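For reference, target25.cif (mmCIF, C-alpha atoms):
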```cif
data_final
#
loop_
_atom_site.label_atom_id
_atom_site.label_comp_id
_atom_site.auth_asym_id
_atom_site.auth_seq_id
_atom_site.Cartn_x
_atom_site.Cartn_y
_atom_site.Cartn_z
CA MET A 1 0.00 0.00 0.00
CA ARG A 2 2.81 2.34 0.79
CA PHE A 3 4.39 1.62 -2.58
CA HIS A 4 1.18 2.36 -4.41
CA SER A 5 0.62 5.51 -2.35
CA ARG A 6 4.09 6.79 -3.22
CA PHE A 7 3.52 5.92 -6.85
CA PHE A 8 0.27 7.86 -7.05
CA ARG A 9 1.74 10.84 -5.24
CA GLY A 10 4.73 10.87 -7.65
CA ALA A 11 2.40 10.59 -10.63
CA ALA A 12 0.33 13.47 -9.32
CA ARG A 13 3.40 15.67 -8.96
CA ALA A 14 4.57 14.79 -12.49
CA ALA A 15 1.16 15.57 -13.86
CA LEU A 16 1.10 18.89 -12.01
CA PHE A 17 4.60 19.93 -13.24
CA GLY A 18 3.69 18.84 -16.73
CA THR A 19 0.59 21.01 -16.63
CA ILE A 20 2.64 24.02 -15.48
CA ALA A 21 5.28 23.46 -18.21
CA ILE A 22 2.59 23.22 -20.87
CA PHE A 23 0.97 26.43 -19.59
CA ILE A 24 4.25 28.35 -19.69
CA ALA A 25 5.14 27.10 -23.15
CA SER A 26 1.72 27.93 -24.51
CA SER A 27 1.63 31.35 -22.84
CA SER A 28 4.81 32.68 -24.51
CA PRO A 29 3.41 32.91 -28.06
CA THR A 30 0.32 34.62 -26.69
CA LEU A 31 2.43 37.37 -25.09
CA ALA A 32 4.47 37.86 -28.30
CA ALA A 33 1.29 38.08 -30.34
CA ASP A 34 -0.14 40.70 -28.00
CA ASN A 35 2.96 42.89 -28.28
CA GLY A 36 3.16 42.55 -32.06
CA PRO A 37 6.25 41.91 -34.18
CA MET A 38 9.41 43.79 -33.28
CA GLN A 39 10.01 46.83 -35.51
CA ARG A 40 13.29 46.52 -37.40
CA THR A 41 15.17 49.77 -37.87
CA LEU A 42 18.37 51.13 -39.34
CA ILE A 43 19.99 54.15 -37.64
CA VAL A 44 22.56 56.16 -39.61
CA SER A 45 24.48 59.35 -38.97
CA GLY A 46 25.55 61.94 -41.51
CA GLU A 47 28.02 64.78 -41.42
CA GLY A 48 28.33 67.95 -43.47
CA ARG A 49 31.30 70.30 -43.56
CA VAL A 50 31.46 73.71 -45.21
CA PHE A 51 34.65 75.74 -45.42
CA ALA A 52 34.53 79.50 -45.96
CA LYS A 53 36.68 82.55 -45.50
CA PRO A 54 35.86 84.30 -42.18
CA ASP A 55 34.64 87.88 -42.21
CA GLN A 56 35.37 88.85 -38.61
CA ALA A 57 38.39 88.80 -36.32
CA ILE A 58 38.25 88.92 -32.52
CA LEU A 59 41.36 90.28 -30.85
CA SER A 60 42.38 90.09 -27.21
CA SER A 61 44.52 93.00 -26.09
CA GLY A 62 45.43 94.66 -22.83
CA VAL A 63 47.74 96.82 -20.76
CA VAL A 64 49.83 95.60 -17.83
CA THR A 65 51.56 98.18 -15.61
CA ARG A 66 53.62 98.08 -12.42
CA GLY A 67 54.25 100.73 -9.78
CA LYS A 68 55.23 101.34 -6.19
CA THR A 69 51.68 101.98 -5.00
CA ALA A 70 48.32 100.64 -6.05
CA VAL A 71 47.00 104.12 -6.81
CA GLN A 72 49.97 105.02 -9.01
CA THR A 73 49.79 101.67 -10.82
CA MET A 74 46.07 102.04 -11.52
CA ALA A 75 46.52 105.61 -12.75
CA ASP A 76 49.31 104.61 -15.16
CA ASN A 77 47.23 101.72 -16.44
CA ALA A 78 44.16 103.90 -16.98
CA ARG A 79 46.18 106.52 -18.89
CA THR A 80 47.61 103.94 -21.30
CA MET A 81 44.27 102.16 -21.65
CA ASN A 82 42.53 105.39 -22.58
CA ALA A 83 45.10 105.81 -25.34
CA VAL A 84 44.23 102.31 -26.56
CA PHE A 85 40.51 103.14 -26.62
CA ALA A 86 41.16 106.36 -28.54
CA THR A 87 43.19 104.45 -31.10
CA LEU A 88 40.40 101.92 -31.59
CA LYS A 89 37.91 104.72 -32.24
CA LYS A 90 40.25 106.21 -34.84
CA LEU A 91 40.21 102.84 -36.60
CA GLY A 92 36.42 103.07 -36.81
CA ILE A 93 35.67 100.28 -34.35
CA PRO A 94 32.35 101.03 -32.60
CA ASP A 95 32.05 100.96 -28.81
CA LYS A 96 29.69 97.94 -28.90
CA TRP A 97 32.53 95.83 -30.32
CA ILE A 98 34.95 96.76 -27.53
CA GLN A 99 34.38 94.88 -24.29
CA THR A 100 36.43 94.65 -21.11
CA SER A 101 37.15 90.99 -20.48
CA GLY A 102 39.33 91.28 -17.37
CA TYR A 103 40.69 93.75 -14.84
CA SER A 104 42.88 93.10 -11.82
CA VAL A 105 45.16 94.89 -9.37
CA GLY A 106 47.42 92.98 -7.01
CA PRO A 107 50.64 93.10 -5.03
CA VAL A 108 53.99 91.99 -6.42
CA TYR A 109 56.46 90.22 -4.12
CA THR A 110 60.17 89.58 -4.47
CA THR A 111 62.16 86.92 -2.66
CA ASP A 112 65.49 87.78 -1.03
CA LYS A 113 68.50 85.50 -0.62
CA ASP A 114 67.13 84.18 2.67
CA GLY A 115 63.91 83.05 1.02
CA MET A 116 61.84 85.80 2.59
CA GLN A 117 59.19 87.55 0.50
CA HIS A 118 58.87 91.34 0.48
CA LEU A 119 56.28 93.62 -1.10
CA SER A 120 57.97 95.35 -4.01
CA GLY A 121 55.01 97.04 -5.68
CA TYR A 122 51.70 96.47 -7.45
CA GLU A 123 50.56 95.26 -10.83
CA ALA A 124 47.44 96.29 -12.73
CA ALA A 125 46.10 94.47 -15.79
CA ASN A 126 43.24 95.59 -18.05
CA GLN A 127 42.20 93.26 -20.88
CA VAL A 128 39.70 93.98 -23.67
CA THR A 129 38.12 91.93 -26.45
CA ILE A 130 37.82 93.69 -29.81
CA THR A 131 35.78 92.62 -32.83
CA VAL A 132 37.15 93.78 -36.18
CA SER A 133 34.68 93.46 -39.06
CA ASP A 134 37.01 94.78 -41.77
CA MET A 135 39.49 91.99 -42.38
CA THR A 136 41.86 94.40 -44.13
CA LYS A 137 42.30 96.25 -40.83
CA VAL A 138 43.27 93.33 -38.62
CA GLY A 139 47.03 93.73 -38.95
CA MET A 140 46.65 97.52 -38.82
CA SER A 141 44.64 97.22 -35.60
CA ILE A 142 47.31 95.08 -33.94
CA ASP A 143 49.99 97.59 -34.89
CA ALA A 144 47.88 100.49 -33.61
CA LEU A 145 47.28 98.74 -30.31
CA ALA A 146 51.01 98.21 -29.82
CA GLN A 147 51.74 101.84 -30.70
CA ALA A 148 49.11 103.02 -28.21
CA GLY A 149 50.81 101.10 -25.40
CA SER A 150 49.16 97.69 -25.38
CA ASN A 151 51.78 95.26 -24.12
CA SER A 152 49.60 92.16 -23.77
CA ILE A 153 48.10 90.81 -26.99
CA GLY A 154 46.65 87.44 -26.06
CA GLY A 155 45.19 85.90 -29.21
CA ILE A 156 43.04 86.18 -32.29
CA ASN A 157 39.88 84.35 -33.38
CA PHE A 158 38.39 84.25 -36.87
CA THR A 159 34.61 83.94 -37.04
CA PHE A 160 31.54 84.57 -39.21
CA ALA A 161 29.19 87.49 -38.67
CA ASN A 162 26.26 85.37 -39.91
CA PRO A 163 26.97 81.61 -39.94
CA LYS A 164 23.31 80.59 -40.58
CA PRO A 165 23.55 80.24 -44.40
CA LEU A 166 26.68 78.14 -44.01
CA MET A 167 25.01 76.03 -41.34
CA ALA A 168 21.99 75.43 -43.61
CA GLN A 169 24.32 74.23 -46.36
CA ALA A 170 26.16 71.96 -43.93
CA ARG A 171 22.86 70.46 -42.71
CA ARG A 172 21.76 69.66 -46.26
CA MET A 173 25.09 67.94 -46.84
CA ALA A 174 24.69 66.00 -43.58
CA VAL A 175 21.24 64.72 -44.57
CA ALA A 176 22.48 63.69 -48.01
CA ASP A 177 25.42 61.89 -46.39
CA ALA A 178 23.11 60.00 -44.02
CA ILE A 179 20.79 58.94 -46.86
CA GLU A 180 23.72 57.70 -48.92
CA ARG A 181 25.03 55.68 -45.97
CA ALA A 182 21.59 54.17 -45.34
CA LYS A 183 21.28 53.02 -48.96
CA LEU A 184 24.76 51.51 -48.88
CA LEU A 185 24.18 49.64 -45.61
CA ALA A 186 20.75 48.38 -46.67
CA GLN A 187 22.14 47.06 -49.96
CA ALA A 188 25.06 45.38 -48.20
CA ALA A 189 22.75 43.78 -45.62
CA GLY A 190 20.18 42.67 -48.18
CA VAL A 191 17.28 44.61 -46.69
CA SER A 192 14.89 47.22 -48.08
CA LEU A 193 14.60 50.72 -46.68
CA GLY A 194 11.20 51.76 -45.44
CA PRO A 195 10.02 55.26 -44.57
CA ILE A 196 12.06 57.58 -42.37
CA MET A 197 10.87 57.34 -38.77
CA THR A 198 12.92 60.07 -37.06
CA ILE A 199 15.46 62.76 -37.93
CA GLN A 200 17.59 64.20 -35.14
CA ASP A 201 19.58 67.38 -35.66
CA GLY A 202 22.88 67.31 -33.82
CA GLY A 203 24.52 70.17 -35.70
CA SER A 204 26.93 72.53 -34.00
CA TRP A 205 29.21 75.28 -35.17
CA ALA A 206 32.37 76.09 -33.27
CA PRO A 207 34.90 78.81 -34.10
CA SER A 208 38.56 77.99 -34.12
CA PRO A 209 40.46 78.18 -30.82
CA PRO A 210 42.37 81.40 -30.12
CA ARG A 211 45.67 81.68 -31.93
CA PRO A 212 48.25 82.92 -29.39
CA MET A 213 50.21 86.03 -30.24
CA MET A 214 53.16 87.62 -28.52
CA ALA A 215 53.24 91.21 -27.35
CA MET A 216 54.93 93.27 -30.03
CA ARG A 217 56.52 96.61 -30.67
CA ALA A 218 55.52 98.94 -33.45
CA SER A 219 57.38 98.47 -36.69
CA ALA A 220 57.50 100.14 -40.07
CA GLU A 221 55.72 97.20 -41.69
CA SER A 222 52.15 96.20 -40.92
CA THR A 223 51.69 92.91 -39.07
CA PRO A 224 50.77 90.24 -41.66
CA ILE A 225 47.58 88.31 -40.88
CA ALA A 226 46.32 85.24 -42.78
CA ALA A 227 42.68 84.42 -42.03
CA GLY A 228 42.59 81.20 -44.05
CA GLU A 229 39.29 79.32 -43.87
CA GLU A 230 36.99 78.28 -41.05
CA MET A 231 34.79 75.20 -40.93
CA VAL A 232 31.08 75.01 -40.20
CA ASN A 233 30.05 71.50 -39.18
CA ALA A 234 26.61 69.83 -38.95
CA ASN A 235 25.53 66.33 -37.89
CA VAL A 236 22.21 64.51 -38.24
CA THR A 237 20.92 61.09 -37.21
CA ILE A 238 18.17 59.39 -39.26
CA THR A 239 16.19 56.31 -38.28
CA TYR A 240 14.70 54.16 -41.09
CA SER A 241 12.32 51.26 -40.86
CA ILE A 242 13.67 48.26 -42.78
CA GLN A 243 12.07 45.20 -44.32
#
```
Let me see the file written as structure tokens.
Amino acid sequence: MRFHSRFFRGAARAALFGTIAIFIASSSPTLAADNGPMQRTLIVSGEGRVFAKPDQAILSSGVVTRGKTAVQTMADNARTMNAVFATLKKLGIPDKWIQTSGYSVGPVYTTDKDGMQHLSGYEAANQVTITVSDMTKVGMSIDALAQAGSNSIGGINFTFANPKPLMAQARRMAVADAIERAKLLAQAAGVSLGPIMTIQDGGSWAPSPPRPMMAMRASAESTPIAAGEEMVNANVTITYSIQ
């Protein structure tokens, strides 16, 4: 009796587990059918680059002075800086394109032979950012700044006054590049392209980094400046459905 009881209990368990296994196996297709078939997609990126000659230059210039007292140092700096501003106006640069980018006054210390520091004076620094729209006056402006007393010329940037037309051209090139890549990949993979599902614009335009320049003295010849070309870059991402 015990043997038969164990046998029936084992058979009942097997039947129960078998029922559960059949339920799980049969339930999976039902869930997949409810969710529908997985959408197959192809995601491609495209890039467009446009090179053009810049029409603006941004200069960084300033005056650094030293003196025994803070008041004297600030006064000397202001006098030279006013000469710089007057020179910029003579060049026809409007006030809105001249902006103070930094001003500081601080003590200057010297170290003696015993390693002790002593206050030896003060230093004042006044830095301005200047936008030059006439590219023929860039070298002339640098020379004029040096003649007026600017002894800290930090760098030069070349930019575009209106980059939007160039950006539009770069975006069109980026879209065309993405479409060409999608066709190539679909052909290589043996699939057919469906309609476009999404288009994401990731375009950005960045001017070139500042080109460092050394402080210079006035010379008989104008400082030569080569603007070269700047790049406007655009990126897009397109998602296709594929079959």
Any idea what's packed within 9 Å of Gln243 in chain A, counting all atoms listed in the file, ignoring anything in its chain fewer than 3 positions away? Could you give it as a list of chain:residue names?
-> A:Arg40, A:Thr41, A:Val191, A:Ser192, A:Leu193, A:Gly194
Distance in Å - CA of Gly149 in chain A versus CA of Met81 in chain A | 7.6 Å
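Minimum atom-to-atom distances from A:Met38, A:Val44, A:Asp114, A:Met167 to Ile238 in chain A were compared using only C-alpha atoms, and the lowest value belongs to A:Val44.
Rounded to one decimal, CA of Arg171 in chain A and CA of Val236 in chain A lie 7.5 Å from each other.
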Evaluate the PyMOL selection byres ((chain A and resi 77) around 8) and record the selected residues as a PDB file with C-alpha atoms, in the frame of the given file, following the chain and residue labels used in the document.
```pdb
ATOM      1  CA  VAL A  63      47.740  96.820 -20.760  1.00  0.00           C
ATOM      2  CA  VAL A  64      49.830  95.600 -17.830  1.00  0.00           C
ATOM      3  CA  THR A  65      51.560  98.180 -15.610  1.00  0.00           C
ATOM      4  CA  THR A  73      49.790 101.670 -10.820  1.00  0.00           C
ATOM      5  CA  MET A  74      46.070 102.040 -11.520  1.00  0.00           C
ATOM      6  CA  ALA A  75      46.520 105.610 -12.750  1.00  0.00           C
ATOM      7  CA  ASP A  76      49.310 104.610 -15.160  1.00  0.00           C
ATOM      8  CA  ALA A  78      44.160 103.900 -16.980  1.00  0.00           C
ATOM      9  CA  ARG A  79      46.180 106.520 -18.890  1.00  0.00           C
ATOM     10  CA  THR A  80      47.610 103.940 -21.300  1.00  0.00           C
ATOM     11  CA  MET A  81      44.270 102.160 -21.650  1.00  0.00           C
ATOM     12  CA  ALA A 124      47.440  96.290 -12.730  1.00  0.00           C
ATOM     13  CA  ALA A 125      46.100  94.470 -15.790  1.00  0.00           C
ATOM     14  CA  ASN A 126      43.240  95.590 -18.050  1.00  0.00           C
TER      15      ASN A 126
END
```
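Atom pair CA of Leu185 in chain A / CA of Thr237 in chain A: separated by 14.6 Å.
The environment of Gly102 in chain A within 10 Å, counting all atoms listed in the file and disregarding residues fewer than 2 places along the same chain, consists of Gly62, Gln99, Thr100, Ser104, Ala125, Asn126, Gln127, Val128 and Thr129 of chain A.
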Counting all atoms listed in the file, which of A:Leu184, A:Ala148, A:Met135, A:Ser60 gets nearest to Lys90 in chain A?
-> A:Ala148
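Checking A:Ala170, A:Ile93, A:Leu42, A:Val50 one by one against Pro195 in chain A, counting all atoms listed in the file, you find the shortest gap at A:Leu42.
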Apply the PyMOL selection byres ((chain A and resi 55) around 6) to the file shown and report the selected residues as a ChimeraX atom specification.
-> /A:54,56,160
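Compared by their closest atoms to Ala144 in chain A, and using only C-alpha atoms, the residues A:Thr110, A:Asn162, A:Ser61, A:Gln169 rank with A:Ser61 nearest.
Nearest to Val108 in chain A of all the residues A:Ser133, A:Thr69, A:Asn233, A:Asn82 is A:Thr69, counting all atoms listed in the file.
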Using all atoms listed in the file, which residues sit within 10 Å of Pro94 in chain A once same-chain residues fewer than 5 positions away are excluded, as a VMD selection string?
-> chain A and resid 88 to 89 130 to 132
